[in-house]
file work_0.cif (mmCIF, C-alpha atoms)
data_final
#
loop_
_atom_site.label_atom_id
_atom_site.label_comp_id
_atom_site.auth_asym_id
_atom_site.auth_seq_id
_atom_site.Cartn_x
_atom_site.Cartn_y
_atom_site.Cartn_z
CA MET A 1 40.14 14.91 27.81
CA GLN A 2 37.08 14.60 25.62
CA THR A 3 33.80 15.83 27.12
CA PRO A 4 31.09 13.16 26.92
CA SER A 5 28.03 13.97 24.83
CA PHE A 6 25.98 15.78 27.46
CA LYS A 7 22.96 17.06 25.55
CA GLY A 8 19.90 16.10 27.63
CA THR A 9 22.03 15.23 30.67
CA HIS A 10 21.02 17.05 33.86
CA LEU A 11 23.31 20.04 34.43
CA PHE A 12 24.04 18.85 37.98
CA ASP A 13 25.39 15.55 36.58
CA ARG A 14 27.53 17.45 34.09
CA LEU A 15 28.99 19.54 36.91
CA CYS A 16 29.71 16.36 38.90
CA TRP A 17 31.64 15.05 35.88
CA ALA A 18 33.55 18.34 35.59
CA LYS A 19 34.41 18.36 39.29
CA GLU A 20 35.76 14.83 39.07
CA ASN A 21 37.67 15.18 35.82
CA LEU A 22 38.81 18.79 35.44
CA GLU A 23 41.37 20.76 37.41
CA GLY A 24 40.03 24.12 38.60
CA VAL A 25 41.39 27.20 36.82
CA GLN A 26 41.89 30.34 38.93
CA SER A 27 41.31 33.40 36.79
CA ASP A 28 43.22 36.61 37.41
CA TYR A 29 40.32 38.60 35.99
CA ARG A 30 37.89 40.47 38.22
CA VAL A 31 34.80 42.44 37.23
CA VAL A 32 34.21 45.62 39.20
CA TYR A 33 30.71 47.03 38.85
CA GLU A 34 28.33 49.51 40.39
CA ASP A 35 24.85 48.20 40.83
CA SER A 36 23.49 51.41 42.32
CA VAL A 37 24.84 54.93 42.73
CA ASP A 38 24.06 54.69 46.45
CA GLU A 39 26.19 51.62 47.02
CA CYS A 40 29.88 50.89 46.85
CA ALA A 41 31.46 49.04 43.94
CA LYS A 42 31.10 45.24 43.90
CA ILE A 43 33.68 42.80 42.64
CA LEU A 44 32.86 39.57 40.86
CA VAL A 45 35.31 36.69 41.36
CA PRO A 46 35.04 33.74 38.91
CA ASP A 47 34.77 30.23 40.32
CA PRO A 48 37.72 27.98 39.31
CA ASN A 49 35.51 24.96 38.56
CA PHE A 50 33.18 27.07 36.47
CA CYS A 51 36.12 28.46 34.48
CA ALA A 52 37.44 24.94 33.92
CA ALA A 53 34.03 23.81 32.66
CA TYR A 54 33.82 26.79 30.30
CA LEU A 55 37.32 26.25 28.91
CA GLN A 56 36.58 22.54 28.45
CA GLY A 57 33.34 23.10 26.53
CA GLY A 58 30.31 20.86 26.17
CA ILE A 59 29.18 21.30 29.79
CA LEU A 60 27.47 24.65 30.39
CA PRO A 61 24.16 25.75 28.85
CA PRO A 62 23.86 28.84 26.62
CA VAL A 63 23.69 31.99 28.74
CA GLU A 64 20.30 32.81 27.23
CA VAL A 65 18.84 30.00 29.36
CA TYR A 66 19.67 31.93 32.52
CA TRP A 67 17.99 35.02 31.08
CA ALA A 68 14.83 33.01 30.34
CA LEU A 69 14.76 31.68 33.91
CA ALA A 70 15.42 35.15 35.33
CA ASP A 71 12.52 36.49 33.27
CA ASP A 72 10.25 33.80 34.70
CA GLU A 73 11.44 34.58 38.19
CA ALA A 74 10.75 38.29 37.76
CA LYS A 75 7.06 37.66 37.15
CA PRO A 76 4.91 38.68 40.13
CA ASP A 77 3.17 35.30 40.31
CA PHE A 78 6.43 33.29 40.26
CA LYS A 79 6.48 30.42 42.73
CA ARG A 80 8.82 27.86 41.22
CA HIS A 81 10.58 27.24 37.93
CA THR A 82 8.65 25.29 35.32
CA ARG A 83 11.26 25.64 32.58
CA GLY A 84 14.27 24.25 34.43
CA TYR A 85 14.55 21.68 31.65
CA LEU A 86 16.14 24.42 29.52
CA LEU A 87 19.29 24.09 31.64
CA HIS A 88 19.53 20.41 30.85
CA GLU A 89 18.18 20.06 27.35
CA MET A 90 19.73 22.94 25.43
CA GLN A 91 22.86 22.09 23.45
CA PRO A 92 25.85 22.82 25.75
CA ILE A 93 28.15 25.60 24.57
CA GLU A 94 31.48 24.97 22.87
CA ALA A 95 34.86 25.53 24.53
CA GLY A 96 35.96 29.16 24.77
CA THR A 97 38.75 31.35 26.08
CA MET A 98 39.07 32.79 29.57
CA GLU A 99 38.05 36.19 28.18
CA GLN A 100 34.87 34.67 26.73
CA CYS A 101 34.26 32.95 30.06
CA ILE A 102 34.36 36.34 31.81
CA GLU A 103 31.91 37.74 29.24
CA TYR A 104 29.59 34.78 29.91
CA LEU A 105 29.82 35.34 33.68
CA ILE A 106 29.05 39.03 33.27
CA MET A 107 25.91 38.21 31.30
CA LYS A 108 24.95 35.44 33.73
CA ASP A 109 25.74 36.87 37.16
CA LEU A 110 25.70 40.66 36.91
CA PRO A 111 22.41 42.56 36.96
CA ARG A 112 21.28 43.08 33.38
CA HIS A 113 20.94 46.84 33.77
CA VAL A 114 24.65 47.00 34.58
CA TRP A 115 26.11 45.17 31.61
CA GLN A 116 23.54 46.28 29.06
CA THR A 117 24.24 49.96 29.74
CA TRP A 118 27.74 49.72 31.18
CA ASP A 119 29.12 52.54 29.02
CA SER A 120 26.24 55.01 29.17
CA GLY A 121 26.04 57.77 31.72
CA ASN A 122 28.81 59.86 33.22
CA LYS A 123 31.22 57.01 33.80
CA PRO A 124 31.45 53.25 33.15
CA LYS A 125 29.32 51.08 35.45
CA MET A 126 31.56 48.08 34.93
CA VAL A 127 35.27 47.44 34.46
CA ILE A 128 37.17 44.20 33.80
CA CYS A 129 40.57 44.24 35.45
CA HIS A 130 43.27 41.98 36.84
CA LYS A 131 43.14 41.19 40.53
CA ASP A 132 46.42 43.00 41.18
CA GLN A 133 44.75 46.23 39.99
CA LEU A 134 42.37 46.15 42.94
CA PRO A 135 43.25 48.00 46.18
CA SER A 136 45.77 45.99 48.15
CA THR A 137 43.93 46.41 51.45
CA ARG A 138 40.22 46.51 52.28
CA GLU A 139 40.45 49.82 54.10
CA TRP A 140 37.30 51.91 53.53
CA ARG A 141 35.82 48.99 51.61
CA ASN A 142 32.33 50.44 51.91
CA ALA A 143 33.46 53.54 49.98
CA TRP A 144 35.08 51.87 46.98
CA LYS A 145 33.89 53.34 43.68
CA ILE A 146 34.91 53.16 40.04
CA LYS A 147 36.96 56.27 39.31
CA ASP A 148 35.02 59.12 37.70
CA ASP A 149 37.83 59.87 35.24
CA LEU A 150 38.41 56.27 34.20
CA THR A 151 39.06 55.89 30.52
CA THR A 152 37.97 52.65 28.93
CA GLU A 153 39.01 50.86 25.82
CA LYS A 154 36.69 48.66 23.82
CA ILE A 155 38.64 45.56 22.91
CA ALA A 156 35.82 43.32 21.70
CA ALA A 157 35.52 43.09 17.94
CA MET B 1 27.90 8.17 31.23
CA ALA B 2 29.98 5.11 32.20
CA GLY B 3 29.30 3.31 35.48
CA LYS B 4 25.68 4.42 35.80
CA ILE B 5 23.50 2.56 38.32
CA VAL B 6 19.75 3.03 38.12
CA ALA B 7 18.01 2.11 41.36
CA ASP B 8 14.97 3.31 43.30
CA THR B 9 15.95 1.50 46.50
CA LEU B 10 19.16 0.57 48.32
CA GLU B 11 18.77 -2.49 50.55
CA HIS B 12 21.12 -3.54 53.36
CA SER B 13 21.31 -7.22 54.31
CA THR B 14 20.12 -6.58 57.88
CA ALA B 15 19.59 -2.85 58.46
CA GLY B 16 16.68 -2.33 56.09
CA SER B 17 16.27 -0.39 52.88
CA LEU B 18 16.45 3.20 51.73
CA ASP B 19 14.60 4.88 48.89
CA THR B 20 17.19 6.62 46.69
CA GLN B 21 14.92 9.68 46.67
CA TYR B 22 16.22 10.30 50.19
CA VAL B 23 19.75 10.36 48.82
CA VAL B 24 18.84 12.66 45.93
CA ASN B 25 16.75 15.05 48.02
CA GLY B 26 19.08 15.02 51.01
CA SER B 27 22.32 15.74 49.19
CA ALA B 28 23.80 19.23 49.18
CA LYS B 29 23.15 20.88 45.81
CA ALA B 30 26.02 23.37 46.14
CA TRP B 31 28.78 24.11 48.61
CA ASN B 32 31.79 26.35 48.94
CA SER B 33 34.46 27.74 51.20
CA PHE B 34 36.07 31.07 50.47
CA GLN B 35 38.48 33.65 51.78
CA GLY B 36 36.59 36.78 52.81
CA THR B 37 39.51 39.12 53.43
CA GLY B 38 42.16 40.60 51.15
CA THR B 39 41.34 39.75 47.56
CA ILE B 40 38.46 37.37 48.17
CA VAL B 41 38.65 34.04 46.41
CA PHE B 42 37.06 30.59 46.42
CA ILE B 43 39.07 27.97 48.29
CA LYS B 44 36.92 24.98 47.33
CA SER B 45 33.51 24.82 45.74
CA PHE B 46 30.96 22.86 43.80
CA GLN B 47 28.15 24.12 41.57
CA CYS B 48 29.09 27.79 42.00
CA SER B 49 29.79 30.18 39.13
CA SER B 50 31.11 33.24 40.92
CA LEU B 51 31.52 35.05 44.19
CA VAL B 52 30.73 38.74 44.67
CA ASP B 53 32.58 40.93 47.14
CA ALA B 54 29.64 43.28 47.75
CA ASN B 55 30.84 45.28 50.75
CA THR B 56 32.52 44.84 54.13
CA GLY B 57 31.39 41.44 55.44
CA ASP B 58 28.88 41.14 52.60
CA TYR B 59 29.30 38.42 49.98
CA ASP B 60 27.04 36.95 47.28
CA VAL B 61 27.47 33.49 45.79
CA ASN B 62 26.11 32.70 42.33
CA LEU B 63 25.09 29.14 41.45
CA THR B 64 25.58 27.38 38.12
CA SER B 65 22.39 25.31 38.22
CA ALA B 66 19.29 27.15 39.39
CA MET B 67 17.24 26.00 42.36
CA ASP B 68 13.55 25.43 41.64
CA SER B 69 12.40 28.31 43.88
CA THR B 70 13.83 30.78 46.39
CA SER B 71 12.66 28.57 49.28
CA TYR B 72 15.87 26.57 49.42
CA SER B 73 17.94 26.13 52.54
CA VAL B 74 21.07 28.28 52.96
CA LEU B 75 23.50 27.16 55.63
CA VAL B 76 26.51 29.43 56.18
CA SER B 77 29.24 29.56 58.76
CA SER B 78 32.33 31.61 59.51
CA GLY B 79 35.62 30.09 60.44
CA TYR B 80 38.41 31.10 62.72
CA ASN B 81 39.66 34.59 63.65
CA VAL B 82 36.39 36.05 64.86
CA VAL B 83 37.57 39.22 66.63
CA HIS B 84 34.59 39.98 68.85
CA ASN B 85 32.45 37.63 70.89
CA ALA B 86 29.11 38.89 69.60
CA SER B 87 29.47 37.48 66.11
CA GLU B 88 26.80 36.30 63.73
CA THR B 89 26.83 34.97 60.18
CA LEU B 90 23.61 35.12 58.18
CA GLY B 91 22.70 33.50 54.88
CA TYR B 92 19.63 34.03 52.73
CA ALA B 93 18.43 33.42 49.19
CA ASN B 94 18.27 36.40 46.83
CA THR B 95 17.19 34.52 43.71
CA THR B 96 17.14 30.92 42.53
CA THR B 97 20.77 31.35 41.42
CA GLN B 98 22.17 33.62 44.11
CA TYR B 99 22.40 33.74 47.89
CA SER B 100 24.05 36.21 50.25
CA THR B 101 26.25 35.82 53.31
CA LEU B 102 26.59 38.60 55.88
CA HIS B 103 28.98 38.51 58.80
CA TYR B 104 28.48 40.75 61.85
CA GLU B 105 30.51 41.34 64.97
CA ASN B 106 29.12 43.65 67.67
CA ASN B 107 26.29 44.57 65.27
CA THR B 108 28.76 45.84 62.67
CA ARG B 109 29.57 44.07 59.42
CA TYR B 110 33.06 42.61 59.48
CA ASP B 111 35.24 40.87 56.93
CA ILE B 112 36.26 37.41 58.02
CA PRO B 113 39.11 35.28 56.66
CA TYR B 114 37.14 32.10 56.13
CA LEU B 115 33.49 31.44 55.30
CA SER B 116 31.63 28.44 54.01
CA GLY B 117 28.18 27.78 52.63
CA GLN B 118 25.95 24.89 51.68
CA ILE B 119 22.68 24.77 49.74
CA ASN B 120 20.02 22.12 50.16
CA GLY B 121 16.74 21.92 48.33
CA ASP B 122 15.37 21.07 44.91
CA LEU B 123 17.09 21.92 41.66
CA ALA B 124 15.16 23.48 38.79
#

call {"tool": "encode", "arguments": {"input": "work_0.cif", "output": "C-alpha coordinates"}}
result
Amino acid sequence: MQTPSFKGTHLFDRLCWAKENLEGVQSDYRVVYEDSVDECAKILVPDPNFCAAYLQGGILPPVEVYWALADDEAKPDFKRHTRGYLLHEMQPIEAGTMEQCIEYLIMKDLPRHVWQTWDSGNKPKMVICHKDQLPSTREWRNAWKIKDDLTTEKIAA
Amino acid sequence: MAGKIVADTLEHSTAGSLDTQYVVNGSAKAWNSFQGTGTIVFIKSFQCSSLVDANTGDYDVNLTSAMDSTSYSVLVSSGYNVVHNASETLGYANTTTQYSTLHYENNTRYDIPYLSGQINGDLA
(Lines of atoms letter the chains of each structure in order from A and count residues from 1; the text may use other names and numbers.)
(Lines give C-alpha, C1' and ligand atoms only; values in the text may rest on other atoms or scores of the structure.)
Protein backbone atom coordinates (compact mmCIF):
# COMPACT_ATOMS: atom_id res chain seq x y z
CA MET A 1 0.00 0.00 0.00
CA GLN A 2 1.28 3.43 -0.91
CA THR A 3 1.59 5.93 1.94
CA PRO A 4 -0.23 9.19 1.15
CA SER A 5 1.89 12.32 0.93
CA PHE A 6 1.89 13.29 4.60
CA LYS A 7 4.27 16.24 4.77
CA GLY A 8 2.47 18.94 6.79
CA THR A 9 -0.20 16.49 8.00
CA HIS A 10 -0.59 16.35 11.78
CA LEU A 11 1.29 13.35 13.18
CA PHE A 12 -1.84 12.20 15.02
CA ASP A 13 -3.72 12.01 11.70
CA ARG A 14 -0.87 10.04 10.17
CA LEU A 15 -0.99 7.57 13.05
CA CYS A 16 -4.77 7.24 12.60
CA TRP A 17 -4.14 6.35 8.94
CA ALA A 18 -1.48 3.81 9.95
CA LYS A 19 -3.75 2.22 12.56
CA GLU A 20 -6.52 1.83 10.01
CA ASN A 21 -4.43 0.61 7.10
CA LEU A 22 -1.40 -1.26 8.46
CA GLU A 23 -1.19 -4.57 10.28
CA GLY A 24 0.86 -4.35 13.48
CA VAL A 25 4.29 -6.02 13.39
CA GLN A 26 5.48 -7.68 16.60
CA SER A 27 9.25 -7.42 16.83
CA ASP A 28 11.30 -10.13 18.50
CA TYR A 29 13.95 -7.57 19.40
CA ARG A 30 14.27 -6.18 22.91
CA VAL A 31 16.64 -3.51 24.20
CA VAL A 32 18.04 -4.13 27.67
CA TYR A 33 19.62 -1.07 29.27
CA GLU A 34 20.84 0.26 32.57
CA ASP A 35 19.78 3.80 33.26
CA SER A 36 21.53 4.00 36.61
CA VAL A 37 24.00 1.79 38.46
CA ASP A 38 21.63 1.81 41.44
CA GLU A 39 18.68 0.42 39.52
CA CYS A 40 17.95 -2.88 37.84
CA ALA A 41 18.11 -3.32 34.08
CA LYS A 42 15.14 -2.06 32.05
CA ILE A 43 13.77 -3.66 28.92
CA LEU A 44 12.32 -1.73 26.01
CA VAL A 45 9.56 -3.47 24.04
CA PRO A 46 8.69 -2.00 20.60
CA ASP A 47 5.06 -1.19 19.83
CA PRO A 48 3.67 -3.24 16.88
CA ASN A 49 1.87 -0.26 15.31
CA PHE A 50 4.97 1.87 15.60
CA CYS A 51 7.07 -0.83 13.91
CA ALA A 52 4.50 -1.12 11.12
CA ALA A 53 4.61 2.65 10.57
CA TYR A 54 8.40 2.62 10.47
CA LEU A 55 8.56 -0.28 8.01
CA GLN A 56 5.94 1.41 5.83
CA GLY A 57 7.77 4.75 5.66
CA GLY A 58 6.41 8.23 5.08
CA ILE A 59 4.67 8.45 8.48
CA LEU A 60 7.10 9.14 11.32
CA PRO A 61 9.13 12.33 11.77
CA PRO A 62 12.95 12.34 11.85
CA VAL A 63 14.19 11.30 15.29
CA GLU A 64 16.00 14.64 15.63
CA VAL A 65 12.58 16.25 16.16
CA TYR A 66 12.17 14.34 19.42
CA TRP A 67 15.60 15.49 20.54
CA ALA A 68 14.67 19.12 19.84
CA LEU A 69 11.47 18.77 21.88
CA ALA A 70 13.34 17.01 24.69
CA ASP A 71 15.85 19.86 24.74
CA ASP A 72 13.00 22.36 25.06
CA GLU A 73 11.44 20.33 27.82
CA ALA A 74 14.71 20.18 29.76
CA LYS A 75 14.84 23.96 30.08
CA PRO A 76 14.00 25.13 33.61
CA ASP A 77 11.32 27.55 32.42
CA PHE A 78 9.53 24.95 30.26
CA LYS A 79 5.75 25.09 30.56
CA ARG A 80 4.46 23.80 27.25
CA HIS A 81 5.82 22.96 23.82
CA THR A 82 5.96 25.80 21.32
CA ARG A 83 7.70 23.81 18.59
CA GLY A 84 5.28 20.91 18.31
CA TYR A 85 4.88 21.83 14.65
CA LEU A 86 8.23 20.11 14.03
CA LEU A 87 6.47 16.76 14.51
CA HIS A 88 3.99 17.59 11.79
CA GLU A 89 5.91 19.68 9.31
CA MET A 90 9.25 17.92 8.94
CA GLN A 91 9.54 15.56 5.97
CA PRO A 92 8.54 12.08 7.22
CA ILE A 93 11.30 9.47 7.14
CA GLU A 94 11.59 6.82 4.45
CA ALA A 95 10.79 3.13 5.00
CA GLY A 96 13.46 1.18 6.85
CA THR A 97 14.23 -2.28 8.21
CA MET A 98 13.26 -3.65 11.61
CA GLU A 99 16.88 -3.20 12.74
CA GLN A 100 16.76 0.48 11.76
CA CYS A 101 13.43 0.77 13.57
CA ILE A 102 15.07 -0.50 16.77
CA GLU A 103 17.90 2.02 16.32
CA TYR A 104 15.31 4.79 15.92
CA LEU A 105 13.47 3.66 19.06
CA ILE A 106 16.71 3.59 21.03
CA MET A 107 17.46 7.16 20.03
CA LYS A 108 13.86 8.24 20.67
CA ASP A 109 12.89 6.43 23.86
CA LEU A 110 16.06 5.61 25.78
CA PRO A 111 17.77 8.27 27.89
CA ARG A 112 20.42 9.96 25.77
CA HIS A 113 23.20 9.30 28.26
CA VAL A 114 22.59 5.57 27.83
CA TRP A 115 22.80 5.24 24.07
CA GLN A 116 25.40 7.95 23.51
CA THR A 117 27.88 6.26 25.86
CA TRP A 118 26.57 2.69 25.75
CA ASP A 119 30.03 1.16 25.22
CA SER A 120 32.10 3.27 27.59
CA GLY A 121 32.79 2.26 31.16
CA ASN A 122 33.35 -1.18 32.62
CA LYS A 123 30.56 -2.90 30.74
CA PRO A 124 27.95 -2.08 28.09
CA LYS A 125 24.99 -0.02 29.32
CA MET A 126 22.75 -1.31 26.55
CA VAL A 127 22.26 -4.58 24.68
CA ILE A 128 19.94 -5.47 21.80
CA CYS A 129 18.75 -9.05 22.04
CA HIS A 130 15.92 -11.35 21.02
CA LYS A 131 13.09 -11.80 23.47
CA ASP A 132 13.91 -15.49 23.96
CA GLN A 133 17.31 -14.43 25.35
CA LEU A 134 15.64 -12.77 28.32
CA PRO A 135 15.11 -14.72 31.58
CA SER A 136 12.15 -17.03 31.20
CA THR A 137 10.63 -16.08 34.55
CA ARG A 138 10.48 -12.76 36.39
CA GLU A 139 12.01 -14.15 39.57
CA TRP A 140 14.23 -11.55 41.27
CA ARG A 141 13.16 -9.04 38.62
CA ASN A 142 14.39 -6.14 40.74
CA ALA A 143 17.93 -7.55 40.62
CA TRP A 144 18.29 -8.07 36.87
CA LYS A 145 21.53 -6.61 35.50
CA ILE A 146 23.50 -6.77 32.28
CA LYS A 147 26.27 -9.31 32.81
CA ASP A 148 29.64 -7.82 33.74
CA ASP A 149 31.51 -10.16 31.39
CA LEU A 150 29.24 -9.62 28.41
CA THR A 151 31.09 -9.38 25.15
CA THR A 152 29.54 -7.24 22.47
CA GLU A 153 29.91 -7.15 18.75
CA LYS A 154 29.53 -4.00 16.71
CA ILE A 155 27.46 -4.92 13.68
CA ALA A 156 26.60 -1.46 12.38
CA ALA A 157 28.69 -0.33 9.44
CA MET B 1 -6.57 12.51 2.69
CA ALA B 2 -9.74 11.07 1.10
CA GLY B 3 -13.09 11.47 2.85
CA LYS B 4 -12.15 14.56 4.84
CA ILE B 5 -14.98 16.56 6.42
CA VAL B 6 -14.23 20.04 7.69
CA ALA B 7 -16.78 21.24 10.23
CA ASP B 8 -16.78 23.42 13.33
CA THR B 9 -20.21 22.27 14.50
CA LEU B 10 -22.27 19.07 14.39
CA GLU B 11 -26.03 19.70 14.53
CA HIS B 12 -28.71 17.15 15.39
CA SER B 13 -32.23 17.65 14.03
CA THR B 14 -33.77 17.88 17.51
CA ALA B 15 -31.11 17.37 20.19
CA GLY B 16 -29.07 20.50 19.55
CA SER B 17 -25.57 21.09 18.28
CA LEU B 18 -22.03 20.30 19.32
CA ASP B 19 -18.86 22.24 18.64
CA THR B 20 -16.34 19.82 17.10
CA GLN B 21 -13.73 21.25 19.48
CA TYR B 22 -15.44 19.13 22.15
CA VAL B 23 -14.81 16.05 20.02
CA VAL B 24 -11.19 16.97 19.35
CA ASN B 25 -10.39 17.94 22.93
CA GLY B 26 -12.37 15.11 24.50
CA SER B 27 -10.93 12.25 22.49
CA ALA B 28 -8.24 10.01 23.96
CA LYS B 29 -4.86 10.93 22.48
CA ALA B 30 -3.28 7.54 23.22
CA TRP B 31 -4.37 4.23 24.69
CA ASN B 32 -2.99 0.77 25.25
CA SER B 33 -3.42 -2.56 26.94
CA PHE B 34 -0.45 -4.74 27.72
CA GLN B 35 0.66 -7.92 29.42
CA GLY B 36 2.66 -7.09 32.54
CA THR B 37 3.95 -10.55 33.40
CA GLY B 38 6.31 -12.95 31.65
CA THR B 39 7.84 -11.22 28.66
CA ILE B 40 5.78 -8.04 28.70
CA VAL B 41 4.17 -7.05 25.44
CA PHE B 42 1.53 -4.72 24.02
CA ILE B 43 -1.82 -6.39 23.39
CA LYS B 44 -3.47 -3.43 21.65
CA SER B 45 -2.41 0.18 21.40
CA PHE B 46 -2.63 3.47 19.60
CA GLN B 47 -0.09 6.30 19.45
CA CYS B 48 2.51 4.43 21.52
CA SER B 49 6.09 3.79 20.42
CA SER B 50 7.36 1.43 23.09
CA LEU B 51 6.81 -0.07 26.49
CA VAL B 52 9.52 -0.31 29.15
CA ASP B 53 9.65 -3.10 31.71
CA ALA B 54 11.36 -1.01 34.39
CA ASN B 55 11.07 -3.25 37.45
CA THR B 56 8.57 -5.44 39.29
CA GLY B 57 5.16 -3.83 38.76
CA ASP B 58 6.80 -0.78 37.18
CA TYR B 59 6.18 0.02 33.52
CA ASP B 60 6.79 3.07 31.32
CA VAL B 61 4.89 3.81 28.12
CA ASN B 62 6.44 6.01 25.43
CA LEU B 63 4.20 8.02 23.10
CA THR B 64 4.76 8.67 19.40
CA SER B 65 3.28 12.16 19.31
CA ALA B 66 4.26 14.42 22.20
CA MET B 67 1.70 16.02 24.48
CA ASP B 68 1.94 19.80 24.76
CA SER B 69 2.96 19.74 28.44
CA THR B 70 3.33 17.27 31.31
CA SER B 71 -0.09 18.30 32.68
CA TYR B 72 -1.99 15.72 30.67
CA SER B 73 -4.35 13.21 32.20
CA VAL B 74 -3.12 9.64 32.75
CA LEU B 75 -5.78 7.04 33.44
CA VAL B 76 -4.51 3.53 34.18
CA SER B 77 -6.15 0.37 35.41
CA SER B 78 -5.18 -3.20 36.17
CA GLY B 79 -7.19 -6.15 35.02
CA TYR B 80 -7.94 -9.52 36.48
CA ASN B 81 -5.81 -11.73 38.74
CA VAL B 82 -5.14 -9.23 41.50
CA VAL B 83 -3.76 -11.48 44.25
CA HIS B 84 -4.28 -9.30 47.31
CA ASN B 85 -7.23 -7.13 48.25
CA ALA B 86 -5.22 -4.00 48.99
CA SER B 87 -4.27 -3.27 45.40
CA GLU B 88 -3.60 0.03 43.74
CA THR B 89 -2.52 1.06 40.25
CA LEU B 90 -0.98 4.50 39.78
CA GLY B 91 -0.22 6.44 36.62
CA TYR B 92 1.70 9.67 36.21
CA ALA B 93 3.43 11.69 33.50
CA ASN B 94 7.24 11.62 33.39
CA THR B 95 7.68 13.74 30.27
CA THR B 96 5.52 14.90 27.37
CA THR B 97 6.27 11.59 25.63
CA GLN B 98 6.38 9.15 28.54
CA TYR B 99 4.19 8.11 31.45
CA SER B 100 4.62 5.47 34.13
CA THR B 101 2.32 2.84 35.59
CA LEU B 102 2.97 1.31 39.01
CA HIS B 103 0.97 -1.54 40.48
CA TYR B 104 0.96 -2.24 44.24
CA GLU B 105 -0.58 -4.95 46.34
CA ASN B 106 -0.27 -4.75 50.14
CA ASN B 107 2.11 -1.79 49.68
CA THR B 108 4.51 -3.89 47.60
CA ARG B 109 4.99 -3.56 43.85
CA TYR B 110 3.55 -6.53 42.01
CA ASP B 111 3.54 -7.65 38.40
CA ILE B 112 0.05 -8.02 37.01
CA PRO B 113 -1.03 -9.92 33.90
CA TYR B 114 -3.10 -7.17 32.33
CA LEU B 115 -2.87 -3.39 32.46
CA SER B 116 -4.36 -0.63 30.37
CA GLY B 117 -3.81 3.08 30.01
CA GLN B 118 -5.39 6.09 28.37
CA ILE B 119 -4.09 9.62 27.82
CA ASN B 120 -6.27 12.69 27.50
CA GLY B 121 -5.10 16.23 26.99
CA ASP B 122 -3.63 18.45 24.30
CA LEU B 123 -1.12 17.29 21.73
CA ALA B 124 1.98 19.34 20.97

call {"tool": "atom_distance", "arguments": {"input": "work_0.cif", "atom1": "CA of Ile5 in chain B", "atom2": "CA of Leu11 in chain A"}}
result
17.9 Å

call {"tool": "resolve_selection", "arguments": {"input": "work_0.cif", "expression": "the PyMOL selection byres ((chain A) within 8 of (chain B))", "output": "MDAnalysis selection string"}}
result
chainID A and resid 4 11:12 15 19 40:50 73 79:85 87 105 109 131 134 136:138 141:142

call {"tool": "resolve_selection", "arguments": {"input": "work_0.cif", "expression": "the PyMOL selection byres ((chain A and resi 63) around 8)", "output": "number ranges by chain"}}
result
A: 61-62, 64-67, 104, 107-108

call {"tool": "atom_distance", "arguments": {"input": "work_0.cif", "atom1": "CA of Tyr29 in chain A", "atom2": "CA of His130 in chain A"}}
result
4.6 Å

call {"tool": "atom_distance", "arguments": {"input": "work_0.cif", "atom1": "CA of Ile119 in chain B", "atom2": "CA of Val74 in chain B"}}
result
5.0 Å

call {"tool": "residues_near_point", "arguments": {"input": "work_0.cif", "point": "(19.3, 29.2, 53.9)", "cutoff": "9 Å", "atoms": "all atoms listed in the file", "output": "PyMOL selection string"}}
result
chain B and resi 71-76+90-93+99+118-120

call {"tool": "write_last_selection", "arguments": {"input": "work_0.cif", "atoms": "C-alpha atoms", "output": "CSV table (one decimal), in the frame of the given file"}}
result
chain,number,residue,atom,x,y,z
B,71,SER,CA,12.7,28.6,49.3
B,72,TYR,CA,15.9,26.6,49.4
B,73,SER,CA,17.9,26.1,52.5
B,74,VAL,CA,21.1,28.3,53.0
B,75,LEU,CA,23.5,27.2,55.6
B,76,VAL,CA,26.5,29.4,56.2
B,90,LEU,CA,23.6,35.1,58.2
B,91,GLY,CA,22.7,33.5,54.9
B,92,TYR,CA,19.6,34.0,52.7
B,93,ALA,CA,18.4,33.4,49.2
B,99,TYR,CA,22.4,33.7,47.9
B,118,GLN,CA,26.0,24.9,51.7
B,119,ILE,CA,22.7,24.8,49.7
B,120,ASN,CA,20.0,22.1,50.2

call {"tool": "closest_residue", "arguments": {"input": "work_0.cif", "among": "B:Thr9, B:Asn107, B:Ser100, B:Ser27", "to": "Glu88 in chain B", "atoms": "all atoms listed in the file"}}
result
B:Asn107

call {"tool": "residues_around", "arguments": {"input": "work_0.cif", "residues": "range 56-60 of chain A", "least_positions_apart": "3", "cutoff": "10 Å", "atoms": "only C-alpha atoms", "output": "CSV table (one decimal) with C-alpha atoms, keeping the file's coordinate frame"}}
result
chain,number,residue,atom,x,y,z
A,1,MET,CA,40.1,14.9,27.8
A,2,GLN,CA,37.1,14.6,25.6
A,3,THR,CA,33.8,15.8,27.1
A,4,PRO,CA,31.1,13.2,26.9
A,5,SER,CA,28.0,14.0,24.8
A,6,PHE,CA,26.0,15.8,27.5
A,7,LYS,CA,23.0,17.1,25.6
A,9,THR,CA,22.0,15.2,30.7
A,11,LEU,CA,23.3,20.0,34.4
A,12,PHE,CA,24.0,18.8,38.0
A,13,ASP,CA,25.4,15.6,36.6
A,14,ARG,CA,27.5,17.4,34.1
A,15,LEU,CA,29.0,19.5,36.9
A,17,TRP,CA,31.6,15.0,35.9
A,18,ALA,CA,33.6,18.3,35.6
A,22,LEU,CA,38.8,18.8,35.4
A,50,PHE,CA,33.2,27.1,36.5
A,51,CYS,CA,36.1,28.5,34.5
A,52,ALA,CA,37.4,24.9,33.9
A,53,ALA,CA,34.0,23.8,32.7
A,63,VAL,CA,23.7,32.0,28.7
A,87,LEU,CA,19.3,24.1,31.6
A,88,HIS,CA,19.5,20.4,30.8
A,90,MET,CA,19.7,22.9,25.4
A,91,GLN,CA,22.9,22.1,23.4
A,92,PRO,CA,25.8,22.8,25.8
A,93,ILE,CA,28.2,25.6,24.6
A,94,GLU,CA,31.5,25.0,22.9
A,95,ALA,CA,34.9,25.5,24.5
A,96,GLY,CA,36.0,29.2,24.8
A,97,THR,CA,38.8,31.4,26.1
B,64,THR,CA,25.6,27.4,38.1
B,65,SER,CA,22.4,25.3,38.2
